[in-house]
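Have a look at coords11.cif below; it lists mmCIF, C-alpha atoms.
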data_model
#
loop_
_atom_site.label_atom_id
_atom_site.label_comp_id
_atom_site.auth_asym_id
_atom_site.auth_seq_id
_atom_site.Cartn_x
_atom_site.Cartn_y
_atom_site.Cartn_z
CA MET A 1 4.18 17.17 13.86
CA TYR A 2 7.45 15.97 12.30
CA LYS A 3 9.50 17.39 15.18
CA TYR A 4 7.39 15.36 17.62
CA PHE A 5 7.88 12.26 15.45
CA PHE A 6 11.63 12.94 15.30
CA ARG A 7 11.89 13.08 19.10
CA LEU A 8 9.67 10.03 19.55
CA VAL A 9 11.11 7.75 16.86
CA PHE A 10 14.14 8.89 14.87
CA LYS A 11 16.06 10.33 17.81
CA ARG A 12 15.89 6.92 19.50
CA LEU A 13 17.35 5.12 16.49
CA ASP A 14 20.96 4.89 15.38
CA PRO A 15 21.35 7.81 12.92
CA GLU A 16 22.37 5.60 10.00
CA GLN A 17 19.53 3.18 10.70
CA ALA A 18 17.08 6.10 10.82
CA HIS A 19 18.41 7.39 7.52
CA HIS A 20 17.88 4.06 5.78
CA LEU A 21 14.38 3.73 7.27
CA ALA A 22 13.27 7.20 6.21
CA PHE A 23 14.83 6.87 2.77
CA ARG A 24 13.04 3.55 2.27
CA TRP A 25 9.69 5.20 3.05
CA ILE A 26 10.43 8.03 0.63
CA ARG A 27 11.33 5.61 -2.17
CA LEU A 28 8.24 3.49 -1.54
CA ALA A 29 5.97 6.54 -1.64
CA ALA A 30 7.51 7.62 -4.95
CA HIS A 31 6.55 4.25 -6.47
CA VAL A 32 2.81 4.64 -5.71
CA PRO A 33 1.26 6.73 -8.54
CA VAL A 34 -1.64 8.43 -6.72
CA LEU A 35 0.31 8.92 -3.50
CA ARG A 36 3.37 10.45 -5.19
CA THR A 37 1.16 12.86 -7.16
CA PHE A 38 -0.56 13.99 -3.97
CA LEU A 39 2.71 14.34 -2.06
CA ALA A 40 4.41 16.27 -4.85
CA ALA A 41 1.47 18.69 -5.01
CA ALA A 42 1.63 19.22 -1.25
CA LEU A 43 5.39 19.24 -0.73
CA ALA A 44 6.78 20.60 -3.99
CA PRO A 45 4.62 23.55 -5.12
CA ARG A 46 6.03 25.48 -8.07
CA TYR A 47 6.70 29.21 -8.01
CA LYS A 48 7.22 30.71 -11.46
CA GLU A 49 9.31 33.52 -10.03
CA LEU A 50 11.85 31.02 -8.68
CA ARG A 51 12.58 29.36 -12.01
CA THR A 52 16.34 29.20 -12.36
CA GLU A 53 18.76 28.75 -15.20
CA ALA A 54 22.22 27.60 -14.17
CA LEU A 55 24.98 25.56 -15.81
CA GLY A 56 22.96 25.78 -19.02
CA LEU A 57 20.14 23.87 -17.30
CA ARG A 58 16.61 24.95 -16.43
CA MET A 59 15.25 24.16 -12.98
CA HIS A 60 11.99 24.83 -11.15
CA GLY A 61 13.97 26.65 -8.48
CA PRO A 62 17.45 27.05 -6.98
CA PHE A 63 17.14 24.58 -4.09
CA GLY A 64 18.73 21.15 -4.34
CA LEU A 65 19.76 18.14 -2.32
CA ALA A 66 23.47 18.01 -1.51
CA ALA A 67 25.52 14.89 -2.17
CA GLY A 68 25.62 12.30 0.58
CA PHE A 69 21.94 11.53 1.04
CA ASP A 70 21.41 9.42 -2.08
CA LYS A 71 24.81 7.89 -2.63
CA ASN A 72 23.73 5.27 -5.17
CA ALA A 73 21.06 6.98 -7.29
CA VAL A 74 18.25 4.88 -5.84
CA GLY A 75 15.84 7.63 -4.73
CA ILE A 76 16.00 10.52 -7.21
CA ASP A 77 12.24 10.55 -7.84
CA GLY A 78 11.52 10.46 -4.13
CA MET A 79 13.70 13.45 -3.39
CA ALA A 80 12.18 15.41 -6.29
CA MET A 81 8.75 14.54 -4.87
CA LEU A 82 9.83 16.26 -1.64
CA GLY A 83 10.63 19.50 -3.45
CA PHE A 84 14.31 19.37 -4.36
CA ASP A 85 14.84 21.13 -7.70
CA HIS A 86 18.09 19.29 -8.33
CA VAL A 87 19.44 16.12 -6.76
CA GLU A 88 23.16 15.51 -6.46
CA ILE A 89 23.91 11.82 -6.05
CA GLY A 90 27.08 10.30 -4.64
CA THR A 91 29.81 10.57 -3.73
CA VAL A 92 30.50 7.74 -6.20
CA THR A 93 33.95 6.16 -6.42
CA GLY A 94 35.66 4.22 -9.19
CA GLU A 95 35.26 0.95 -7.30
CA PRO A 96 32.56 -0.13 -4.84
CA GLN A 97 33.51 0.20 -1.19
CA PRO A 98 31.80 -0.36 2.17
CA GLY A 99 33.05 2.85 3.76
CA ASN A 100 34.40 3.17 7.27
CA PRO A 101 33.42 0.89 10.19
CA LYS A 102 30.18 1.69 12.01
CA GLN A 103 29.25 3.73 14.04
CA ARG A 104 30.11 6.49 11.59
CA LEU A 105 27.22 8.96 11.73
CA PHE A 106 26.37 11.08 14.78
CA ARG A 107 23.64 13.63 15.51
CA LEU A 108 24.49 16.77 17.44
CA VAL A 109 20.85 17.61 18.14
CA GLU A 110 21.51 20.62 20.35
CA ASP A 111 23.60 22.13 17.54
CA ARG A 112 21.32 20.98 14.71
CA ALA A 113 24.38 19.35 13.20
CA LEU A 114 25.80 16.02 12.10
CA ILE A 115 29.24 14.45 12.21
CA ASN A 116 29.94 11.79 9.63
CA ARG A 117 32.90 9.65 8.76
CA MET A 118 31.03 7.49 6.26
CA GLY A 119 34.04 7.12 3.96
CA PHE A 120 32.30 7.20 0.56
CA ASN A 121 30.32 4.00 1.07
CA ASN A 122 28.75 3.33 -2.34
CA ASP A 123 28.10 0.74 -5.05
CA GLY A 124 30.87 2.01 -7.35
CA SER A 125 30.68 3.90 -10.62
CA LEU A 126 29.90 0.89 -12.82
CA ARG A 127 26.75 -0.10 -10.94
CA VAL A 128 25.59 3.48 -10.40
CA ALA A 129 26.04 4.23 -14.11
CA ALA A 130 23.95 1.17 -14.99
CA ARG A 131 21.26 2.32 -12.57
CA LEU A 132 21.16 5.80 -14.10
CA ALA A 133 21.11 4.34 -17.62
CA SER A 134 18.09 2.18 -16.83
CA ARG A 135 16.18 4.86 -14.92
CA THR A 136 12.68 5.74 -16.12
CA PRO A 137 12.03 9.04 -14.36
CA VAL A 138 8.66 9.94 -12.89
CA PHE A 139 9.86 13.39 -11.91
CA LYS A 140 12.62 15.15 -13.79
CA PRO A 141 14.88 17.13 -11.50
CA VAL A 142 18.35 18.05 -12.67
CA VAL A 143 20.65 15.21 -11.58
CA GLY A 144 24.22 15.97 -10.58
CA VAL A 145 26.80 13.24 -10.07
CA ASN A 146 29.48 13.73 -7.43
CA ILE A 147 32.64 11.63 -7.86
CA GLY A 148 35.49 10.94 -5.44
CA LYS A 149 38.60 8.81 -4.97
CA THR A 150 38.43 5.13 -4.10
CA LYS A 151 40.06 4.74 -0.68
CA VAL A 152 42.54 2.00 -1.64
CA VAL A 153 43.79 3.93 -4.67
CA PRO A 154 47.06 5.72 -3.83
CA GLU A 155 47.17 9.46 -4.21
CA GLU A 156 49.50 9.28 -7.23
CA GLU A 157 46.88 7.19 -9.08
CA ALA A 158 43.93 9.38 -8.13
CA VAL A 159 43.57 11.02 -11.56
CA ALA A 160 43.03 7.66 -13.28
CA ASP A 161 40.47 6.69 -10.64
CA TYR A 162 38.46 9.89 -11.16
CA VAL A 163 38.72 9.50 -14.94
CA LYS A 164 37.28 6.00 -14.68
CA SER A 165 34.23 7.34 -12.84
CA ALA A 166 33.86 10.29 -15.20
CA GLU A 167 33.92 8.05 -18.26
CA ARG A 168 31.22 5.82 -16.81
CA LEU A 169 28.96 8.49 -15.31
CA ALA A 170 29.26 11.62 -17.48
CA PRO A 171 26.82 10.32 -20.14
CA TYR A 172 24.05 10.20 -17.50
CA ALA A 173 24.90 13.33 -15.51
CA ASP A 174 23.27 16.72 -15.98
CA TYR A 175 26.40 18.01 -14.27
CA LEU A 176 29.50 16.41 -12.78
CA VAL A 177 31.22 17.32 -9.49
CA VAL A 178 34.80 16.51 -8.53
CA ASN A 179 34.87 16.03 -4.77
CA VAL A 180 38.33 16.69 -3.34
CA SER A 181 37.14 17.99 0.02
CA SER A 182 35.75 15.14 2.12
CA PRO A 183 37.81 14.66 5.30
CA ASN A 184 36.98 10.96 5.45
CA THR A 185 39.24 9.57 2.71
CA PRO A 186 42.96 9.75 3.60
CA GLY A 187 44.88 12.16 1.39
CA LEU A 188 41.82 13.38 -0.50
CA ARG A 189 42.03 16.99 0.63
CA ASN A 190 45.61 17.17 -0.61
CA LEU A 191 44.12 17.21 -4.11
CA GLN A 192 42.71 20.71 -3.43
CA ALA A 193 46.22 22.14 -3.87
CA THR A 194 46.27 23.77 -7.29
CA GLU A 195 49.31 21.82 -8.51
CA ALA A 196 47.34 18.58 -7.94
CA LEU A 197 43.93 19.98 -8.83
CA ARG A 198 44.88 21.35 -12.26
CA PRO A 199 45.78 18.00 -13.88
CA LEU A 200 42.88 16.26 -12.13
CA LEU A 201 40.22 18.67 -13.38
CA SER A 202 41.76 18.77 -16.86
CA ALA A 203 41.70 14.97 -17.08
CA VAL A 204 38.10 14.72 -15.87
CA ARG A 205 37.06 17.42 -18.34
CA GLU A 206 38.66 15.47 -21.19
CA ALA A 207 37.03 12.23 -20.05
CA ALA A 208 33.59 13.81 -19.87
CA ASP A 209 33.97 15.35 -23.32
CA ARG A 210 35.17 12.06 -24.75
CA THR A 211 32.35 9.91 -23.40
CA ALA A 212 29.46 12.38 -23.55
CA SER A 213 30.36 13.85 -26.93
CA ALA A 214 26.79 14.80 -27.88
CA ARG A 215 26.72 17.59 -25.26
CA ARG A 216 29.00 19.41 -22.87
CA VAL A 217 28.54 18.14 -19.32
CA PRO A 218 29.08 21.00 -16.85
CA LEU A 219 31.97 20.34 -14.46
CA LEU A 220 32.23 21.68 -10.91
CA VAL A 221 34.60 21.21 -8.00
CA LYS A 222 33.54 20.99 -4.34
CA ILE A 223 35.84 22.59 -1.79
CA ALA A 224 36.29 22.48 1.98
CA PRO A 225 35.47 25.32 4.38
CA ASP A 226 38.80 24.70 6.06
CA LEU A 227 40.86 26.09 3.18
CA ALA A 228 42.85 29.21 4.00
CA ASP A 229 41.59 32.33 2.26
CA GLU A 230 44.55 32.42 -0.11
CA ASP A 231 43.81 28.81 -1.11
CA VAL A 232 40.17 29.69 -1.77
CA ASP A 233 41.44 32.45 -4.05
CA ALA A 234 43.80 30.02 -5.80
CA VAL A 235 40.99 27.54 -6.49
CA ALA A 236 38.80 30.36 -7.78
CA ASP A 237 41.53 31.54 -10.15
CA LEU A 238 42.17 27.98 -11.33
CA ALA A 239 38.48 27.42 -12.01
CA VAL A 240 38.37 30.49 -14.23
CA GLU A 241 41.64 29.54 -15.95
CA LEU A 242 40.37 26.04 -16.80
CA GLY A 243 36.92 27.19 -17.87
CA LEU A 244 35.28 25.26 -15.05
CA ASP A 245 31.50 25.65 -14.86
CA GLY A 246 31.18 26.04 -11.13
CA ILE A 247 32.36 25.69 -7.54
CA ILE A 248 30.38 24.18 -4.67
CA ALA A 249 31.11 25.88 -1.36
CA THR A 250 31.39 24.10 0.97
CA ASN A 251 31.83 20.52 2.15
CA THR A 252 31.92 19.51 5.83
CA THR A 253 34.48 20.88 8.30
CA ILE A 254 37.01 19.16 10.53
CA ALA A 255 37.03 22.22 12.81
CA ARG A 256 35.43 22.10 16.24
CA GLU A 257 36.85 25.15 18.00
CA GLY A 258 35.13 28.49 17.59
CA LEU A 259 31.83 27.01 16.42
CA GLY A 260 30.00 27.45 19.72
CA LEU A 261 29.05 23.78 19.92
CA LYS A 262 26.66 22.88 22.74
CA SER A 263 26.48 19.11 22.37
CA HIS A 264 28.13 16.70 24.78
CA THR A 265 31.92 16.65 24.54
CA SER A 266 31.96 12.94 23.68
CA LEU A 267 29.97 13.66 20.52
CA VAL A 268 31.91 16.77 19.56
CA LYS A 269 35.17 14.81 19.78
CA GLU A 270 34.04 12.23 17.22
CA THR A 271 36.25 12.35 14.14
CA GLY A 272 34.76 13.15 10.76
CA GLY A 273 33.21 16.04 8.93
CA LEU A 274 30.79 18.30 10.76
CA SER A 275 27.81 19.68 8.84
CA GLY A 276 24.74 21.68 9.72
CA ALA A 277 24.06 24.96 11.48
CA PRO A 278 27.55 25.52 12.99
CA LEU A 279 29.01 25.58 9.46
CA LYS A 280 26.79 28.46 8.36
CA GLU A 281 29.10 31.40 9.02
CA ARG A 282 32.26 29.99 7.42
CA SER A 283 30.45 28.60 4.37
CA LEU A 284 28.86 31.98 3.76
CA GLU A 285 32.24 33.68 4.19
CA VAL A 286 33.87 31.36 1.61
CA LEU A 287 31.01 31.94 -0.81
CA ARG A 288 31.33 35.72 -0.55
CA ARG A 289 35.06 35.47 -1.14
CA LEU A 290 34.56 33.30 -4.20
CA TYR A 291 31.98 35.63 -5.73
CA ALA A 292 34.20 38.65 -5.12
CA ARG A 293 36.92 36.79 -7.02
CA VAL A 294 34.99 35.24 -9.93
CA GLY A 295 31.80 37.31 -10.20
CA ASP A 296 29.42 35.95 -12.82
CA ARG A 297 32.08 34.08 -14.78
CA ILE A 298 31.24 30.74 -13.18
CA THR A 299 28.28 29.36 -11.24
CA LEU A 300 28.56 29.16 -7.47
CA VAL A 301 26.58 26.70 -5.38
CA GLY A 302 26.08 27.54 -1.71
CA VAL A 303 25.83 24.69 0.80
CA GLY A 304 26.62 24.27 4.48
CA GLY A 305 24.39 25.31 7.36
CA ILE A 306 21.33 26.22 5.29
CA GLU A 307 18.36 25.68 7.59
CA ASN A 308 15.62 27.95 6.26
CA ALA A 309 14.60 30.33 3.51
CA GLU A 310 16.50 33.23 5.07
CA ASP A 311 19.73 31.22 4.98
CA ALA A 312 19.11 30.32 1.33
CA TRP A 313 18.33 33.97 0.50
CA GLN A 314 21.55 35.13 2.15
CA ARG A 315 23.53 32.64 0.01
CA ILE A 316 21.91 34.00 -3.12
CA LEU A 317 22.74 37.58 -2.13
CA ALA A 318 26.31 36.40 -1.45
CA GLY A 319 26.71 34.99 -4.96
CA ALA A 320 25.09 31.56 -5.12
CA THR A 321 22.94 30.83 -8.14
CA LEU A 322 22.05 27.47 -6.61
CA VAL A 323 21.77 26.42 -2.97
CA GLN A 324 21.82 22.94 -1.46
CA GLY A 325 20.94 21.36 1.85
CA TYR A 326 21.09 18.03 3.63
CA SER A 327 21.63 18.14 7.40
CA ALA A 328 18.65 20.39 8.18
CA PHE A 329 16.42 17.96 6.30
CA ILE A 330 17.03 15.49 9.13
CA TYR A 331 15.70 18.00 11.66
CA GLU A 332 13.02 19.75 9.57
CA GLY A 333 11.43 16.80 7.78
CA PRO A 334 9.39 16.47 4.58
CA PHE A 335 7.93 19.99 4.56
CA TRP A 336 11.39 21.57 4.49
CA GLY A 337 11.54 22.03 0.72
CA ARG A 338 8.08 23.58 0.66
CA ALA A 339 9.06 26.07 3.38
CA ILE A 340 12.27 27.03 1.58
CA HIS A 341 10.47 27.72 -1.71
CA LYS A 342 7.64 29.65 -0.08
CA GLY A 343 10.07 31.75 1.94
CA LEU A 344 12.30 32.49 -1.05
CA ALA A 345 9.31 33.59 -3.13
CA ALA A 346 8.20 35.89 -0.32
CA ARG A 347 11.65 37.43 0.06
CA LEU A 348 12.01 38.01 -3.67
CA ALA A 349 8.58 39.67 -3.77
CA THR A 350 9.56 42.22 -1.09
CA SER A 351 13.09 42.78 -2.43
CA PRO A 352 14.24 45.41 -4.94
CA TYR A 353 15.10 42.66 -7.45
CA ALA A 354 12.87 41.78 -10.38
CA THR A 355 14.21 38.24 -10.67
CA LEU A 356 16.15 35.78 -8.60
CA ALA A 357 19.07 36.12 -11.02
CA ASP A 358 19.21 39.86 -10.27
CA ALA A 359 19.67 39.08 -6.58
CA VAL A 360 22.67 36.77 -7.09
CA GLY A 361 25.74 38.44 -5.54
CA ALA A 362 23.92 41.70 -4.85
CA ASP A 363 25.34 42.10 -1.34
CA VAL A 364 28.90 41.51 -2.53
CA ARG A 365 28.54 43.97 -5.39
CA LYS A 366 27.36 46.65 -2.97
CA THR A 367 30.58 46.44 -0.99
CA ALA A 368 32.93 46.10 -3.97
#
Could you write out this file's structure as structure tokens?
Amino acid sequence: MYKYFFRLVFKRLDPEQAHHLAFRWIRLAAHVPVLRTFLAAALAPRYKELRTEALGLRMHGPFGLAAGFDKNAVGIDGMAMLGFDHVEIGTVTGEPQPGNPKQRLFRLVEDRALINRMGFNNDGSLRVAARLASRTPVFKPVVGVNIGKTKVVPEEEAVADYVKSAERLAPYADYLVVNVSSPNTPGLRNLQATEALRPLLSAVREAADRTASARRVPLLVKIAPDLADEDVDAVADLAVELGLDGIIATNTTIAREGLGLKSHTSLVKETGGLSGAPLKERSLEVLRRLYARVGDRITLVGVGGIENAEDAWQRILAGATLVQGYSAFIYEGPFWGRAIHKGLAARLATSPYATLADAVGADVRKTA
């Protein structure tokens, strides 16, 4: 039914306009007590066998919403109602910014993909922090906060900009993510080089500890699929060295060649980060490489091209304790979370593993 609705309505709308319309409906539904209870029961069934502990946090399952959908922390309850076990908001920058000029979001329907060059459009860390501070949750998913660099801040002042966001947001974050991998902010990906990344992560860690002194806020870094293998290894080694809590693999890609894209050339040539099904193979490859390097010493989060329960299961076997999605939600609709959870429970039941934690990295360990 949703796929028919998508073709009839959403496909005819500008992608960004469709996003705002759908998100508005989700938020409205989450504000109606009887309706949200009914929807949560239908769309977010709980499976005891999928209960997950990661980053020192307990979750109903391993499946979460990737950053980018709820940039300003305005729909956390709505996304939990749809079955996301954790919701990562953002990317939030030190200062508010409108993002890049429109049109900046494109659907590659034939490829079940998106291209975006949004440019971290958000309300800024001060307003988002105030919103999180005043939130009275109806549902209680784990809430991650993804922070990035304000566009007008020069690269040499990036650390201070991230620190500003960390100081404001860490007290309200269940975990904090340093995003250095979006292709839509000039110079941002340069911060993935270990000589730049080390002082940045150290400064954010200190800021989080200073402002959220009552607890240790887990800190993760999100990396690009376009890193060379030796750079993936270097980030993995740095994460272990600094005592980082996790790595999210991966963000969107600037690559177009070798992905087997079927969409019209005019769409494929749009600049920005590509997400969705074509990213699946490389994201999985990066995840396997990371797990082979770090093992169980830090938590890995698999994201990029996850469309169904089999994709999520393969990420778990490759080393992901948590998995995230976004792009496929556009194509699959509100029953997506339900299908992922049901499929994961079925796969675990027929696997040789007693728990989901036992399955994490099993395929990589076999080949080690």
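You can rank A:Leu50, A:Leu197, A:Leu108, A:Leu284 by their closest distance to A:Ser181 using all atoms listed in the file, and at the top of that list sits A:Leu197.
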Carefully work through the PyMOL selection byres ((chain A and resi 24-31) around 9) for this structure and note down the residues it includes, as a VMD selection string. chain A and resid 19 to 23 32 to 33 35 to 37 39 74 to 79 81 to 82 138
What is the distance between atom CA of A:Thr299 and atom CA of A:Leu55, in Å to one decimal?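 Spanning atom CA of A:Thr299 to atom CA of A:Leu55 is a straight-line distance of 6.8 Å.
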Between A:Thr321, A:Ser165, A:Thr211, A:Ser327, which one has atoms that come closest to A:Leu356, using all atoms listed in the file?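 Looking at the shortest contact to A:Leu356, the residue is A:Thr321.
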Can you translate the PyMOL selection byres ((chain A and resi 85) around 10) into the concrete residues it hits in this file, as a PyMOL selection string? chain A and resi 44+46+51-52+58-65+79-84+86-87+140-143+322-324+337+341
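Distance-wise, atom CA of A:Ala359 and atom CA of A:Ala318 end up 8.8 Å apart.
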Residues selected by the PyMOL selection byres ((chain A and resi 4-18) around 10), written as a ChimeraX atom specification: /A:1-3,19-24,102-107,109,114,116,118,330-333
Straight-line distance linking atom CA of A:Gly124 with atom CA of A:Val92, stated in Å to one decimal: 5.9 Å
Out of A:Ala130, A:Leu219, A:Ile89, A:Leu287, which residue has the shortest atom-to-atom distance to A:Ala66 when counting only C-alpha atoms? A:Ile89
Selection as a ChimeraX atom specification: residues within 12 Å of (26.3, 17.3, 11.9), counting only C-alpha atoms: /A:15,104-117,251-256,261,263,267-268,270-280,304-305,326-331
Which one is closest to A:Trp313: A:Ala354, A:Leu201, A:Ile223, A:Leu348? Count all atoms listed in the file.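 Of the candidates, the smallest distance to A:Trp313 is held by A:Leu348.
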Which is closest to A:Pro137 among A:Ala73, A:Val152, A:Val163, A:Val217, if we use only C-alpha atoms?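 Selected residue with least distance to A:Pro137: A:Ala73.
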For a quick check of understanding, using only C-alpha atoms, which of A:Val360, A:Ala224, A:Leu238, A:Leu169 has the smallest distance to A:Leu200?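 Of the candidates, the smallest distance to A:Leu200 is held by A:Leu238.
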Could you pull the residues within 12 Å of A:Arg216, counting only C-alpha atoms, minus those fewer than 4 positions along the same chain, as a compact mmCIF listing (two decimals) with C-alpha atoms, in the frame of the given file?
# COMPACT_ATOMS: atom_id res chain seq x y z
CA LEU A 55 24.98 25.56 -15.81
CA GLY A 56 22.96 25.78 -19.02
CA LEU A 57 20.14 23.87 -17.30
CA ALA A 170 29.26 11.62 -17.48
CA PRO A 171 26.82 10.32 -20.14
CA TYR A 172 24.05 10.20 -17.50
CA ALA A 173 24.90 13.33 -15.51
CA ASP A 174 23.27 16.72 -15.98
CA TYR A 175 26.40 18.01 -14.27
CA LEU A 176 29.50 16.41 -12.78
CA ARG A 205 37.06 17.42 -18.34
CA GLU A 206 38.66 15.47 -21.19
CA ALA A 207 37.03 12.23 -20.05
CA ALA A 208 33.59 13.81 -19.87
CA ASP A 209 33.97 15.35 -23.32
CA ARG A 210 35.17 12.06 -24.75
CA THR A 211 32.35 9.91 -23.40
CA ALA A 212 29.46 12.38 -23.55
CA LEU A 244 35.28 25.26 -15.05
CA ASP A 245 31.50 25.65 -14.86
So that I can check the surroundings of A:Leu191, please list as number ranges by chain every protein, DNA and RNA residue that reaches within 10 Å of it, counting all atoms listed in the file and ignoring chain neighbours fewer than 3 positions away. A: 155, 158-159, 179-181, 187-188, 194-200
